[in-house]
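A short write-up of the structure that comes next.
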Amino acid sequence: MIYIVLHAKGSHKQLKLYKMVEIKKFEADWCGPCRMLKPTFTKLEEKLGSSVKFSYINVDENQETAQQYGVRNIPLVVVEKDGEEVERFVGVQTEQTYETALNKLV
């Protein structure tokens with residue numbers, strides 16, 4: 001995703017393009033391992049929330065999106081930069097694993 005931000009400076013307008021890193025966590029309410037990751041993602045959002053967009057996708061409520069991403073097992077975490085998938089993690093990983101992957105992109 002590209003966000004466009006306009007800044008007024010005197011009579012000139014400046015256009016800046018910001019490239020976005022997004023982490024998408026596919027989950028379900030009934031999934032124990034998904035619930036186990038909640039504290040991990042809370043910490044990651046606190047650390048990286050200003051430079052990374054966090055999205056939580058319930059596979060029961062968003063079946064089309066889950067199908068588009070080929071979700072077969074949850075939790076599934078997809079890391080995207082500029083709308084392109086760069087990495088994916090199936091199952092529970094450590095906080096450090098996710099943080100390392102994100103820090104390479106921001």
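Residue numbering restarts at 1 for every chain of the structure tokens, chains are lettered A, B, ... in their displayed order, and ligands are numbered from 1 as they appear.
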If we count only C-alpha atoms and set the cut-off at 6 Å, which residues sit around Ala28 in chain A, ignoring sequence neighbours fewer than 3 positions away in its own chain? Please answer as a PyMOL selection string. chain A and resi 31+58-59
Please produce a file of the residues just selected, as a PDB file, in the first residue's frame, where the atoms kept are C-alpha atoms.
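Output file out17.pdb follows:
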```pdb
ATOM      1  CA  CYS A  31      -8.130 -21.381  18.014  1.00  0.00           C
ATOM      2  CA  ASN A  58     -10.945 -13.836  11.509  1.00  0.00           C
ATOM      3  CA  VAL A  59     -11.073 -16.733   9.026  1.00  0.00           C
TER       4      VAL A  59
END
```
Enumerate the residues of chain A with a DSSP assignment of strand (DSSP E or B), computed from the backbone, and present them as a ChimeraX atom specification. /A:2-9,12-19,21-27,52-58,76-81,84-90
With C-alpha atoms kept, could you save the residues just selected as a short mmCIF file (atom, residue, chain, number, x, y, z; two decimals), in the first residue's frame?
```
data_model
loop_
_atom_site.label_atom_id
_atom_site.label_comp_id
_atom_site.auth_asym_id
_atom_site.auth_seq_id
_atom_site.Cartn_x
_atom_site.Cartn_y
_atom_site.Cartn_z
CA ILE A 2 1.14 3.52 -0.67
CA TYR A 3 -0.14 6.38 1.41
CA ILE A 4 -0.08 9.89 0.01
CA VAL A 5 0.39 12.73 2.44
CA LEU A 6 0.09 16.35 1.38
CA HIS A 7 1.89 19.03 3.36
CA ALA A 8 1.20 22.70 2.79
CA LYS A 9 4.39 24.75 2.98
CA HIS A 12 3.71 25.13 -2.41
CA LYS A 13 2.37 21.67 -1.76
CA GLN A 14 4.71 18.76 -1.29
CA LEU A 15 3.78 15.20 -2.15
CA LYS A 16 5.39 12.40 -0.19
CA LEU A 17 4.85 8.70 -0.77
CA TYR A 18 5.16 6.40 2.20
CA LYS A 19 5.60 2.70 1.57
CA VAL A 21 4.73 -2.71 5.84
CA GLU A 22 1.73 -4.73 6.97
CA ILE A 23 1.45 -7.86 9.06
CA LYS A 24 -1.75 -9.87 8.68
CA LYS A 25 -2.62 -12.43 11.32
CA PHE A 26 -5.23 -14.98 10.25
CA GLU A 27 -6.98 -16.36 13.30
CA VAL A 52 3.87 -1.29 10.68
CA LYS A 53 0.15 -1.80 10.08
CA PHE A 54 -1.30 -4.72 12.06
CA SER A 55 -4.38 -6.49 10.69
CA TYR A 56 -6.29 -9.30 12.37
CA ILE A 57 -8.41 -11.42 10.07
CA ASN A 58 -10.95 -13.84 11.51
CA LEU A 76 -1.05 -17.83 9.82
CA VAL A 77 0.94 -14.61 9.76
CA VAL A 78 1.62 -12.92 6.42
CA VAL A 79 4.11 -10.06 6.16
CA GLU A 80 3.66 -7.69 3.22
CA LYS A 81 5.63 -4.73 1.94
CA GLU A 84 3.40 -7.81 -1.89
CA GLU A 85 3.87 -10.83 0.35
CA VAL A 86 7.47 -11.17 1.52
CA GLU A 87 7.18 -13.77 4.27
CA ARG A 88 4.67 -16.07 5.95
CA PHE A 89 4.68 -17.99 9.22
CA VAL A 90 2.42 -20.92 10.04
#
```
Using only C-alpha atoms, which of the listed residues (A:Leu102, A:Met20, A:Leu44, A:Gly32) sits closest to Asp82 in chain A?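 Of all the options, A:Met20 lies closest to Asp82 in chain A.
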Computed gap from CA of Trp30 in chain A to CA of Arg72 in chain A is 15.4 Å
Of the candidates A:Ala66, A:Val71, A:Cys34, A:Val106, which shows the shortest atom-to-atom distance to Gln93 in chain A, using only C-alpha atoms?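 Ranked by minimum distance to Gln93 in chain A, first place goes to A:Cys34.
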Where does DSSP see helix (DSSP H, G or I) in chain A, if you list the residues as number ranges by chain? A: 32-36, 38-48, 63-68, 95-103
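One finds CA of Glu99 in chain A at 18.4 Å from CA of Pro33 in chain A.
With only C-alpha atoms as the atoms that count, the residue of A:Asn73, A:Gln67, A:Asn62, A:Thr94 with the shortest distance to Pro39 in chain A is A:Thr94.
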